[in-house]
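Asks: For reference, the file final-v8.pdb (PDB, C-alpha atoms) is included below:
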```pdb
ATOM      1  CA  MET A1276     -64.496  52.921 -15.114
ATOM      2  CA  ALA A1277     -61.143  51.167 -14.820
ATOM      3  CA  GLU A1278     -58.977  51.931 -11.829
ATOM      4  CA  PRO A1279     -55.811  53.863 -12.673
ATOM      5  CA  TRP A1280     -52.297  52.536 -12.429
ATOM      6  CA  ILE A1281     -50.321  54.441  -9.799
ATOM      7  CA  THR A1282     -46.566  54.717  -9.353
ATOM      8  CA  VAL A1283     -45.071  53.637  -6.015
ATOM      9  CA  THR A1284     -41.703  52.375  -4.835
ATOM     10  CA  ALA A1285     -41.113  48.636  -4.756
ATOM     11  CA  ALA A1286     -40.982  48.868  -0.950
ATOM     12  CA  ASP A1287     -44.649  49.990  -0.973
ATOM     13  CA  VAL A1288     -45.974  47.044  -2.997
ATOM     14  CA  ARG A1289     -48.304  44.712  -1.087
ATOM     15  CA  VAL A1290     -49.396  41.113  -1.570
ATOM     16  CA  GLY A1291     -52.449  41.158  -3.841
ATOM     17  CA  ASP A1292     -51.241  44.124  -5.914
ATOM     18  CA  ARG A1293     -50.976  43.778  -9.683
ATOM     19  CA  ILE A1294     -47.727  45.397 -10.824
ATOM     20  CA  ARG A1295     -46.547  46.411 -14.281
ATOM     21  CA  LEU A1296     -42.863  45.861 -14.974
ATOM     22  CA  ALA A1297     -40.616  48.053 -17.118
ATOM     23  CA  THR A1298     -40.956  45.425 -19.873
ATOM     24  CA  GLY A1299     -44.706  46.059 -19.986
ATOM     25  CA  ALA A1300     -45.492  42.654 -18.493
ATOM     26  CA  ASP A1301     -47.606  42.542 -15.378
ATOM     27  CA  LEU A1302     -47.855  40.125 -12.489
ATOM     28  CA  LEU A1303     -50.137  39.486  -9.545
ATOM     29  CA  VAL A1304     -48.054  39.610  -6.356
ATOM     30  CA  SER A1305     -48.695  36.374  -4.439
ATOM     31  CA  ARG A1306     -45.644  36.631  -2.209
ATOM     32  CA  ILE A1307     -42.902  39.158  -1.425
ATOM     33  CA  GLU A1308     -39.394  38.034  -0.495
ATOM     34  CA  PRO A1309     -37.527  40.822   1.339
ATOM     35  CA  ARG A1310     -33.734  40.974   1.341
ATOM     36  CA  LEU A1311     -33.327  38.617  -1.594
ATOM     37  CA  LEU A1312     -30.117  36.612  -1.186
ATOM     38  CA  GLY A1313     -29.119  38.885   1.709
ATOM     39  CA  LEU A1314     -28.989  41.899  -0.621
ATOM     40  CA  GLU A1315     -30.959  45.135  -0.569
ATOM     41  CA  MET A1316     -33.359  43.646  -3.100
ATOM     42  CA  VAL A1317     -36.999  42.659  -2.917
ATOM     43  CA  ALA A1318     -38.517  39.901  -5.033
ATOM     44  CA  PHE A1319     -42.136  39.752  -6.143
ATOM     45  CA  VAL A1320     -43.515  36.294  -6.832
ATOM     46  CA  GLU A1321     -46.628  35.370  -8.794
ATOM     47  CA  ASP A1322     -47.646  31.845  -7.888
ATOM     48  CA  THR A1323     -50.953  31.067  -9.577
ATOM     49  CA  PRO A1324     -52.343  28.032 -11.408
ATOM     50  CA  GLN A1325     -51.573  29.858 -14.676
ATOM     51  CA  ARG A1326     -47.891  30.588 -14.003
ATOM     52  CA  TRP A1327     -45.022  31.026 -11.599
ATOM     53  CA  PHE A1328     -42.936  34.174 -12.056
ATOM     54  CA  LYS A1329     -40.389  36.016  -9.922
ATOM     55  CA  GLN A1330     -39.051  39.552 -10.404
ATOM     56  CA  ALA A1331     -36.387  41.180  -8.230
ATOM     57  CA  MET A1332     -35.709  44.904  -7.890
ATOM     58  CA  THR A1333     -34.326  47.432  -5.448
ATOM     59  CA  PRO A1334     -36.754  48.701  -2.787
ATOM     60  CA  SER A1335     -36.418  52.262  -4.139
ATOM     61  CA  ALA A1336     -37.284  51.290  -7.742
ATOM     62  CA  GLU A1337     -40.501  52.764  -9.099
ATOM     63  CA  VAL A1338     -43.214  50.366 -10.204
ATOM     64  CA  GLU A1339     -46.738  50.832 -11.517
ATOM     65  CA  VAL A1340     -49.435  49.274  -9.344
ATOM     66  CA  LEU A1341     -53.110  48.476  -9.896
ATOM     67  CA  ARG A1342     -54.650  47.758  -6.518
ATOM     68  CA  ALA A1343     -57.876  45.849  -6.008
ATOM     69  CA  GLY A1344     -60.552  48.032  -4.350
TER      70      GLY A1344
END
```
Write out the structure in this file as structure tokens.
Replies:
Amino acid sequence: MAEPWITVTAADVRVGDRIRLATGADLLVSRIEPRLLGLEMVAFVEDTPQRWFKQAMTPSAEVEVLRAG
């Protein structure tokens, strides 16, 4: 049985989580950059052989997460 997606705040996302963005796209969090550009923003970075992708959002934003067991 597939694990369910859960909703958490961006501040609760951890490295290794797979997150689903509001666009429906998902990314594997390889790195988290807190206080992006000195602002109250957090940036999630996927840095894998397949792609590099970065998404910023406020720490209080809700995001869907699929965590590895």
Asks: Between atom CA of A:Leu1314 and atom CA of A:Arg1342, what is the spacing in Å?
Replies: 27.0 Å
Asks: Hey, can you pull every residue with an atom no more than 8 Å from (-55.7, 46.6, -14.7), using all atoms listed in the file, and send it as a PyMOL selection string?
Replies: chain A and resi 1277-1280+1293+1341
Asks: Compare A:Ala1300, A:Val1283, A:Arg1289, A:Ser1335 by their minimum atom-to-atom distance to A:Phe1319, counting all atoms listed in the file, and give me the closest one.
Replies: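 Checking each of A:Ala1300, A:Val1283, A:Arg1289, A:Ser1335 against A:Phe1319, counting all atoms listed in the file, the winner is A:Arg1289.
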Asks: State, in Å with one decimal place, the distance from atom CA of A:Val1338 to atom CA of A:Val1304.
Replies: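 Separation between atom CA of A:Val1338 and atom CA of A:Val1304: 12.4 Å.
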Asks: Quick one: residues within 12 Å of A:Thr1323, only C-alpha atoms, excluding same-chain residues fewer than 6 positions away - as a PDB file with C-alpha atoms, keeping the file's coordinate frame?
Replies:
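As written to disk, result.pdb reads:
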```pdb
ATOM      1  CA  GLY A1291     -52.449  41.158  -3.841  1.00  0.00           C
ATOM      2  CA  LEU A1302     -47.855  40.125 -12.489  1.00  0.00           C
ATOM      3  CA  LEU A1303     -50.137  39.486  -9.545  1.00  0.00           C
ATOM      4  CA  VAL A1304     -48.054  39.610  -6.356  1.00  0.00           C
ATOM      5  CA  SER A1305     -48.695  36.374  -4.439  1.00  0.00           C
ATOM      6  CA  ARG A1306     -45.644  36.631  -2.209  1.00  0.00           C
ATOM      7  CA  LYS A1329     -40.389  36.016  -9.922  1.00  0.00           C
TER       8      LYS A1329
END
```
Asks: Please report the interatomic distance between atom CA of A:Val1340 and atom CA of A:Asp1322 in Å with one decimal.
Replies: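 Value for the atom CA of A:Val1340-atom CA of A:Asp1322 distance: 17.6 Å.
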Asks: Kindly resolve the PyMOL selection byres ((chain A and resi 1284) around 12) on the present coordinates and return the residues as a PDB file with C-alpha atoms, keeping the file's coordinate frame.
Replies:
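Heads up, here's the output in part-v8.pdb:
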```pdb
ATOM      1  CA  ILE A1281     -50.321  54.441  -9.799  1.00  0.00           C
ATOM      2  CA  THR A1282     -46.566  54.717  -9.353  1.00  0.00           C
ATOM      3  CA  VAL A1283     -45.071  53.637  -6.015  1.00  0.00           C
ATOM      4  CA  ALA A1285     -41.113  48.636  -4.756  1.00  0.00           C
ATOM      5  CA  ALA A1286     -40.982  48.868  -0.950  1.00  0.00           C
ATOM      6  CA  ASP A1287     -44.649  49.990  -0.973  1.00  0.00           C
ATOM      7  CA  VAL A1288     -45.974  47.044  -2.997  1.00  0.00           C
ATOM      8  CA  ARG A1289     -48.304  44.712  -1.087  1.00  0.00           C
ATOM      9  CA  ILE A1294     -47.727  45.397 -10.824  1.00  0.00           C
ATOM     10  CA  VAL A1317     -36.999  42.659  -2.917  1.00  0.00           C
ATOM     11  CA  MET A1332     -35.709  44.904  -7.890  1.00  0.00           C
ATOM     12  CA  THR A1333     -34.326  47.432  -5.448  1.00  0.00           C
ATOM     13  CA  PRO A1334     -36.754  48.701  -2.787  1.00  0.00           C
ATOM     14  CA  SER A1335     -36.418  52.262  -4.139  1.00  0.00           C
ATOM     15  CA  ALA A1336     -37.284  51.290  -7.742  1.00  0.00           C
ATOM     16  CA  GLU A1337     -40.501  52.764  -9.099  1.00  0.00           C
ATOM     17  CA  VAL A1338     -43.214  50.366 -10.204  1.00  0.00           C
ATOM     18  CA  GLU A1339     -46.738  50.832 -11.517  1.00  0.00           C
ATOM     19  CA  VAL A1340     -49.435  49.274  -9.344  1.00  0.00           C
TER      20      VAL A1340
END
```
Asks: Enclose all atoms of stretch 1294-1303 of chain A listed in the file in an axis-aligned box, grow every side by 8 Å, and hand back centre and edge lengths in Å to one decimal, as JSON.
Replies:
```
{"center_x": -45.4, "center_y": 43.8, "center_z": -14.8, "size_x": 25.5, "size_y": 24.6, "size_z": 26.4}
```
Asks: Do you know which residues the PyMOL selection byres ((chain A and resi 1307) around 7) returns on this file, as a list in words?
Replies: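 When the PyMOL selection byres ((chain A and resi 1307) around 7) is applied to the shown file, the picked residues are Val1290, Arg1306, Glu1308, Pro1309, Ala1318, Phe1319 and Val1320 of chain A.
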